[in-house]
Structure formats: C-alpha cells, structure tokens
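Engineer: Take a look at the following structure, please.
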Amino acid sequence: MRPETDHDESVPHTHPDPGVDPHTPLAPAGRALRVGIGGPVGSGKTALVAALCRAFAGELRLGVVTNDIYTTEDADFLKRAGVLDPARIRAVETGCCPHTAIRDDIGANLDAVDELAEAVGPLELMLVESGGDNLTATFSRGLVDRQIFVVDVAGGDKVPRKGGPGVTAADLLVINKTDLAPMVGADLSVMDRDARARRGDLPTMFLSIREDPTAGRVAAWIRHELSHHRAVAAVPVGPA
Amino acid sequence: MAAPSLLLLLADGRFPAGAHAHSGGLEAAVAARRVTDLATLAAFLRGRLATAGLVGATFAAAAHRAAPAADRRARLARLDTELDARTAAPALRAVSRRQGRALLRAGRTIWPHIPFADLPGAGGGPHQPLVLGLLGAAAGLDRTETALAAAYGTVTAAASAGVRLLGLDPYHVHALLVDLAGACDATARDAADAADGPPEDLPAVAAPLADIHAEVHATWEVRLFAS
Amino acid sequence: MRAAARLVARADGRGGTTLVELRGETPLLLRQVPTRRGGVTVYVVGGAAGPLAGDDLRLHIEVGAGAAVRVHTVAASVALPGRPDATSRMLVRAVVAAGAALHWLPEQLVAAAGCAHVAESRISVADGGALSWRDELVCGRYGEEPGDAVVDTVVDHGGRPLLRQSLAVGPDAPGWAGPAVLGGAPATGSLLVLDPSRPAEPPLVTAGGTVARLPLAGGPATLWTATAPDAHTLRRHLTPPEAPLATA
C-alpha cells in the first residue's frame with residue numbers, strides 16, 4: 001500500500017527561498033553530472049543502476065563506475081537488462097573498504113571516472129555505485145555532485161528512523177522494493193513519516209522496480225538535476 | 001628532522017592516495033595459501049621490505065635528490081626507465097603507475113604550487129616512488145625521511161590488508177610492525193645512501209613470487225584489492 | 001684465486017662465426033666445441049672446485065655484428081666458503097652487436113652452506129642484437145641451508161635499461177625464503193629472451209603459480225621467472241625454444 005503522503009510533487013521541486021540555492025555548487029562546466037548511488041547491501045543499488053540505464057538509453061551518454069564486487073555476471077546483467085555496453089562500466093577495487101573508496105580516499109574512483117571519459121568520449125551522466133555498506137556510508141562531495149541513498153522495505157521500517165548520514169543528508173532517499181512491504185510487514189507510512197522527520201525538505205521516493213522497471217521518478221529527478229547542472233555550466237564565469 | 005608532521009602526514013595510511021586499496025601482493029599470496037597466519041605474514045612483510053621496499057625507497061630518495069637539479073627532467077626520465085627495468089612484471093609496472101597517478105592527484109590538489117609537469121610516464125602515469133620523492137622534497141622532508149615514507153608504506157599497506165583478508169588480530173599485526181621498525185629505518189637509511197649512486201647501480205632486489213603473484217592477481221575476475 | 005677469460009667472436013664473412021680470441025686461465029677455461037650449423041659453441045670448463053670465497057673470476061664476451069655464440073658450462077658451479085669474511089665473485093661482461101646473437105645457457109649455481117658469493121652479469125645489447133640469458137640458483141646442496149649468494153643481472157638494450165634484477169638468498173637476505181620472495185622453493189631462476197625479430201610475449205603464469213612469462217618494458221624481450229622444488233624442474237621451466245644461432 002502506498003502512503004498517502006507521496007513526494008511526487010517534489011519532482012521538480014522548488015526551493016523554500018527562490019533567491020537562495022541550498023545546493024552545493026555543481027561541477028565545473030563541460031563534465032558529466034556525477035550521481036552517487038549508495039545504500040546497504042541488498043537494498044537494490046545495482047537494480048536501480050540497471051533501471052536508470054534502461055531509462056536513459058538513447059537519451060544520455062551514460063557511464064557507470066561501481067565499487068561493488070563486480071563479476072562478468074554483473075556486467076552481463078547490466079548489458080542484458082540495461083542496454084549498457086560493458087565498455088561504459090568500470091569497477092573499482094576497494095581493498096575491503098568500500099566506504100573509504102567513495103568518501104575518504106576517492107582517487108581510484110576519480111581515476112575510473114577519467115578513464116571512462118577517455119575510453120568512450122565525453123559523458124553527460126556518470127552513475128557511481130557504492131559497495132554495499134551500512135547506513136553511515138556516504139559519498140564525498142569531491143567525487144559526486146548528487147547522491148541517492150537506497151534503502152529497502154525488507155530491511156525493516158525502522159531504517160529511516162535510525163538515520164545516519166545516508167538517510168538524513170542524501171540528495172534523494174529511495175525506499176525500494178515497496179512491492180515487498182505486505183510480505184515483510186513494513187508500514188510505508190511509518191517510513192515516510194520518519195524520513196520526513198529526518199530529512200526536512202529533502203525528497204524521498206518510494207520505488208518498486210518490479211512495477212516500474214525504468215525507475216521513472218528517480219530518472220525524472222536526475223533529469224531535473226542534470227538540467228540544473230547544465231544551466232550552471234552555461235553561465236559564463238568571470239568577466240568576458 | 002625538518003618537517004616531522006609532514007612526514008607523518010605523507011606516511012599516514014589515511015593520506016588519500018589510494019593505499020587502502022592495495023595489498024602489496026598479499027591478496028594473491030593469501031589466495032595461494034602462502035600466507036595463512038601471523039607467522040607467514042611476518043615473513044611476507046620482512047621479504048617485501050627487503051625487496052620492493054628497498055627498491056621503492058631508493059627510487060623515492062633518488063627522485064628527491066633529482067628534485068632541485070638543473071637537469072631534473074632528464075634525471076627523472078632515466079629513473080623512470082630504470083624502475084621499469086627493475087619491474088619485470090607488467091602488472092607491477094601498471095600498479096606502480098596507478099599508485100603514482102593517485103599520489104599525483106592528491107599532491108596536485110593539496111600542494112598546487114609544487115611542479116610535477118616534468119614527471120615522466122604520460123601514458124600510464126608516473127611511477128609512485130618518483131612522485132613521492134618530489135612530494136617529499138617539496139614538503140621539506142629530507143632524503144631519508146622521504147625514503148622512510150616509501151619503505152613504511154610498503155609494509156603497512158600489506159599489514160593492513162592482512163588484517164582485512166585473514167581476520168588477524170590488529171594488535172598482533174601491529175606488534176609485527178613494531179618488530180619491523182628497526183629494519184624499516186635501516187632500509188630508509190640504505191635507500192638514502194644508495195640514491196647517491198649512478199642510476200644503473202641503484203638496488204634492484206628481485207622477488208620472483210612478487211612477479212608471479214602480481215600476474216596471477218591481474219587475471220582474476222574479482223579482486224578485493226587493486227594489487 | 002683470480003682468473004680472467006676472454007671470448008671475442010666475429011662474423012667470418014661466409015655466414016658463419018669465427019672466434020678471434022678465446023683464452024682463459026684456471027679455473028676459467030674456455031673450449032670451443034663443434035656446432036651443427038652457423039655460430040660457435042663454447043664451454044666454460046671449471047678447472048678447480050669452487051668458486052671459493054675470495055675467488056675473483058671475470059669473463060669478457062664480445063659478439064660482433066653477424067656473429068652468433070652459444071655458451072654453456074660443463075657442470076654446475078658450487079659456491080663454497082673460503083677465507084673468512086671474503087666473498088667470491090664471478091663477473092661476466094658481454095657486449096652483443098647489432099645482428100649478433102649471444103645465448104648464455106650455463107648450468108646452475110649452487111649456493112652451498114656458508115658461502116658468500118656474488119654472480120654479476122653486465123650485458124649490453126645493441127639495437128638489433130639478440131640475447132638469451134639464463135640465471136639459475138639452487139639454494140644449498142641437498143638438505144642444507146644456503147650461504148649468502150647474490151645473482152645480479154644488468155642488461156641494457158640499445159643503450160637503455162632493459163633488465164635490472166638482483167636476487168639475494170641466505171642469512172643476509174631478510175625474508176628470502178618466505179612467501180614474498182621464494183615461498184620455500186629451493187631453486188629459482190630466470191631466462192631472458194631478447195629477440196628483435198619477435199615481439200615480447202604477453203604475460204602468463206603456469207606450472208601451478210610457480211612460473212611467470214613477463215614481457216619487459218624496454219624492448220622486444222620476455223623474461224621467464226620461476227621457482228621450483230629442484231634443479232631439474234627449474235631447468236624444464238627455463239629451457240629456451242630452440243633459437244637459431246645466427247640471426248642473419
């Protein structure tokens with residue numbers, strides 16, 4: 001069952017004070033928008049990446065960097081499911097420290113981002129998938145421009161209340177696998193209420209990739225961020 | 001000691017130059033069941049310090065020595081080919097250049113005034129010890145301190161990987177590092193002295209299993225560590 | 001004991017090779033043996049036991065343009081202890097011209113207990129020259145721990161560094177028998193093949209993770225490196241494909 005209070009209206013959203021942009025400044029002109037996708041093990045990060053690949057196929061020049069344990073099977077999955085050429089995917093070895101690689105020591109990820117752009121040409125959108133970690137793992141702002149934190153209802157409806165930087169501060173919180181809620185006894189309205197309490201004005205979305213295989217609203221949110229990114233990039237910097 | 005805090009900073013495993021993702025060959029040695037416990041890890045660390053540790057530290061010291069030289073570009077280029085000739089395994093050459101690239105990325109951002117443009121290795125990146133040598137010089141470390149940061153890094157990265165891969169007691173692993181401290185200091189002194197020699201005479205201590213392990217590791221489908 | 005030997009080979013102008021100089025002294029004696037086809041084969045004949053610590057042996061090899069030389073030894077050399085605190089040395093210097101070929105395929109060096117030995121090779125190959133160079137080291141005679149031995153090989157190709165490697169075993173080499181270096185293998189060695197007519201071969205690990213084929217950075221050269229449970233197995237891993245003696 002869907003909660004009554006959905007955040008659909010938040011995409012595209014308006015800022016409380018139109019004169020003040022609360023976003024962290026976006027990346028310099030000309031490079032891809034980098035969106036981090038983090039969250040606990042099994043919350044559906046890879047499935048979301050696949051859904052977004054499907055959503056943006058033929059629309060955006062897309063690349064994926066993954067910090068997860070990445071097998072040729074995973075590559076095949078993305079290739080089959082998301083029409084993403086394996087040449088557009090880079091895996092980063094994290095030395096058993098997935099949070100370090102996306103937060104404290106981001107060089108290998110930046111390297112992978114650069115290598116991808118060198119190998120396949122300029123990209124518009126780069127998805128950076130974290131390794132499965134816990135609720136405290138977030139991306140460095142030096143690595144990504146925006147981050148999505150993915151939790152799932154099967155992890156229990158207490159997860160938003162537990163908070164942690166992923167839940168409280170991610171630019172978008174995705175509560176995934178809503179189709180499983182009745183089976184695991186999760187109350188989505190509780191999750192929604194707790195997420196609002198934790199996140200203030202930051203958007204939260206419920207998602208079932210089984211029902212929405214292109215993660216339409218998440219894709220729409222990314223499109224919005226991307227148009228913002230391009231608008232910022234188009235503004236000339238300094239005196240002409 | 002001219003810049004003790006900067007030595008600690010450069011040698012710190014938390015310095016963002018990618019060290020956490022490298023096991024220094026330990027992941028492959030563990031997979032080959034050559035390292036299984038504290039005793040075999042101790043032997044691994046000792047052998048690594050005496051081979052790759054000494055060579056890396058010497059090249060860091062030699063790059064440090066080249067840093068203020070008028071013919072610095074030519075000297076660094078020669079050190080680059082000399083280190084290639086000491087690194088028979090292509091996987092290890094690639095790892096050294098990958099780590100060099102990571103250190104260079106950190107160095108360029110943290111110390112924007114340090115010149116790195118004449119570092120060789122445009123394709124795969126500069127060898128890590130050469131970048132470390134220039135960073136050490138620019139940070140005001142002396143040659144021995146720079147060599148020490150290099151030698152120390154070769155053992156601590158592998159030791160930390162041992163904790164993560166084998167679930168070893170971190171206190172016991174740090175006790176191993178304490179046992180190795182004297183050897184680490186001596187390696188740095190030897191490296192700093194050796195750096196005065198002509199480039200062809202710099203140490204070239206080989207470790208057949210390091211080459212073999214690195215090439216096996218490079219073929220794996222799934223790696224937890226980048227090396 | 002000090003000894004020096006020289007071997008200088010030139011093309012004979014008829015597609016073959018002639019030795020213009022071949023002289024040695026005990027225990028470093030050189031003997032030419034008949035060869036099936038172009039090129040010459042020379043054996044180093046050990047004239048005394050050893051080397052013993054304190055010995056200083058030098059061999060100089062020059063292979064001129066168009067010439068081809070194959071060098072073997074008749075038996076393994078066993079580095080033995082000698083005068084206290086002394087080191088035995090064997091230095092081989094080789095210069096290989098463009099269009100020339102040198103195949104250095106000696107028997108093993110055995111580092112006996114208590115030895116202190118340094119085997120140095122300094123090889124310079126011109127662009128267009130060919131080289132096979134084998135170093136094999138057996139750590140101790142049967143059932144014994146080796147003394148200190150260093151096998152130090154420096155190869156330049158076209159005036160640029162191609163290979164620098166120095167393998168050290170024994171009490172002065174920390175961790176040499178451990179899992180970072182030899183993993184308890186009593187025999188180890190390498191075979192370098194530099195052949196301007198063939199590109200280096202891609203990396204490959206064989207023999208259950210004991211042998212690696214490594215393309216070098218500095219030229220069309222491949223290094224096989226191996227650890228082995230015994231000298232016989234090591235030799236099987238480090239036998240070059242039958243190379244033509246003459247490159248021309």
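Within each chain, counting starts at residue 1; across the structure tokens, chains are named A, B, ... in the order shown, with ligands numbered 1 upward in that order.
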Show me which bits of chain C are within 7 Å of chain B, counting only C-alpha atoms, as a list in words.
Structural biologist: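 Matching residues, ligands excluded from the count: Pro161, Leu162, Leu163, Arg164, Gln165, Ser166, Leu167, Pro174, Gly175, Trp176, Gly178, Pro179, Ala180, Val181, Leu182, Gly183, Val205, Gly209, Thr210, Val211, Ala212, Leu214, Pro215, Leu216, Ala217, Gly218, Thr225 and Ala226 of chain C.
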Engineer: Could you please select, counting only C-alpha atoms, the residues of chain B within 10 Å of chain A and state them as an MDAnalysis selection string?
Structural biologist: chainID B and resid 14:23 27 98:99 101:106 160:161 164:165 220:227
Engineer: Show me, as an MDAnalysis selection string, the residues that have an atom within 7 Å of region 15-23 of chain C when counting only C-alpha atoms, minus same-chain residues fewer than 2 positions from it.
Structural biologist: chainID C and resid 5:13 30 38:40 67:68
Engineer: Could you save those same residues with N, CA, C and O atoms as a tab-separated table (two decimals), in the first residue's frame?
Structural biologist:
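Contents of out_39.tsv, as written:
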chain	number	residue	atom	x	y	z
C	5	ALA	N	89.02	-14.41	-18.35
C	5	ALA	CA	88.91	-15.11	-19.63
C	5	ALA	C	88.25	-14.17	-20.63
C	5	ALA	O	87.48	-13.28	-20.25
C	6	ARG	N	88.60	-14.40	-21.90
C	6	ARG	CA	88.01	-13.55	-22.95
C	6	ARG	C	87.53	-14.39	-24.11
C	6	ARG	O	88.19	-15.37	-24.50
C	7	LEU	N	86.42	-13.98	-24.64
C	7	LEU	CA	85.88	-14.65	-25.82
C	7	LEU	C	85.43	-13.54	-26.77
C	7	LEU	O	84.58	-12.73	-26.41
C	8	VAL	N	86.03	-13.49	-27.96
C	8	VAL	CA	85.64	-12.48	-28.93
C	8	VAL	C	85.27	-13.19	-30.24
C	8	VAL	O	86.08	-13.94	-30.78
C	9	ALA	N	84.05	-12.96	-30.68
C	9	ALA	CA	83.57	-13.63	-31.89
C	9	ALA	C	83.23	-12.58	-32.96
C	9	ALA	O	82.74	-11.51	-32.64
C	10	ARG	N	83.54	-12.94	-34.20
C	10	ARG	CA	83.21	-12.06	-35.33
C	10	ARG	C	82.56	-12.90	-36.42
C	10	ARG	O	82.79	-14.11	-36.51
C	11	ALA	N	81.82	-12.24	-37.28
C	11	ALA	CA	81.30	-12.93	-38.46
C	11	ALA	C	82.49	-13.28	-39.35
C	11	ALA	O	83.44	-12.51	-39.47
C	12	ASP	N	82.45	-14.48	-39.97
C	12	ASP	CA	83.60	-14.89	-40.79
C	12	ASP	C	83.43	-14.46	-42.25
C	12	ASP	O	84.25	-14.79	-43.10
C	13	GLY	N	82.34	-13.77	-42.55
C	13	GLY	CA	82.15	-13.28	-43.91
C	13	GLY	C	81.51	-14.31	-44.83
C	13	GLY	O	81.21	-14.02	-45.98
C	30	LEU	N	88.15	-21.98	-21.36
C	30	LEU	CA	87.13	-21.97	-22.42
C	30	LEU	C	87.49	-22.98	-23.49
C	30	LEU	O	88.65	-23.09	-23.89
C	38	GLY	N	75.82	-22.66	-38.47
C	38	GLY	CA	76.46	-21.37	-38.21
C	38	GLY	C	76.51	-21.02	-36.74
C	38	GLY	O	75.65	-21.41	-35.97
C	39	GLY	N	77.51	-20.27	-36.35
C	39	GLY	CA	77.65	-19.92	-34.95
C	39	GLY	C	78.62	-20.87	-34.26
C	39	GLY	O	78.92	-21.95	-34.78
C	40	VAL	N	79.11	-20.46	-33.12
C	40	VAL	CA	80.04	-21.32	-32.39
C	40	VAL	C	79.48	-21.61	-31.01
C	40	VAL	O	78.70	-20.84	-30.46
C	67	ALA	N	77.70	-12.27	-35.92
C	67	ALA	CA	78.22	-13.48	-35.29
C	67	ALA	C	77.20	-14.04	-34.30
C	67	ALA	O	76.33	-13.32	-33.84
C	68	ALA	N	77.34	-15.34	-34.00
C	68	ALA	CA	76.42	-15.97	-33.05
C	68	ALA	C	77.21	-16.92	-32.15
C	68	ALA	O	78.00	-17.73	-32.65
Engineer: Give me the residues within 9 Å of Asp196 (chain B) as an MDAnalysis selection string, counting only C-alpha atoms and dropping any in the same chain fewer than 6 places off.
Structural biologist: chainID B and resid 61:62 65 202
Engineer: Can you write just those residues out, C-alpha atoms, as a short mmCIF file (atom, residue, chain, number, x, y, z; two decimals), in the first residue's frame?
Structural biologist:
data_model
loop_
_atom_site.label_atom_id
_atom_site.label_comp_id
_atom_site.auth_asym_id
_atom_site.auth_seq_id
_atom_site.Cartn_x
_atom_site.Cartn_y
_atom_site.Cartn_z
CA ALA B 61 65.21 9.06 -2.45
CA ALA B 62 66.71 9.33 -5.93
CA ARG B 65 67.79 14.05 -4.98
CA LEU B 202 70.55 1.54 -7.70
#
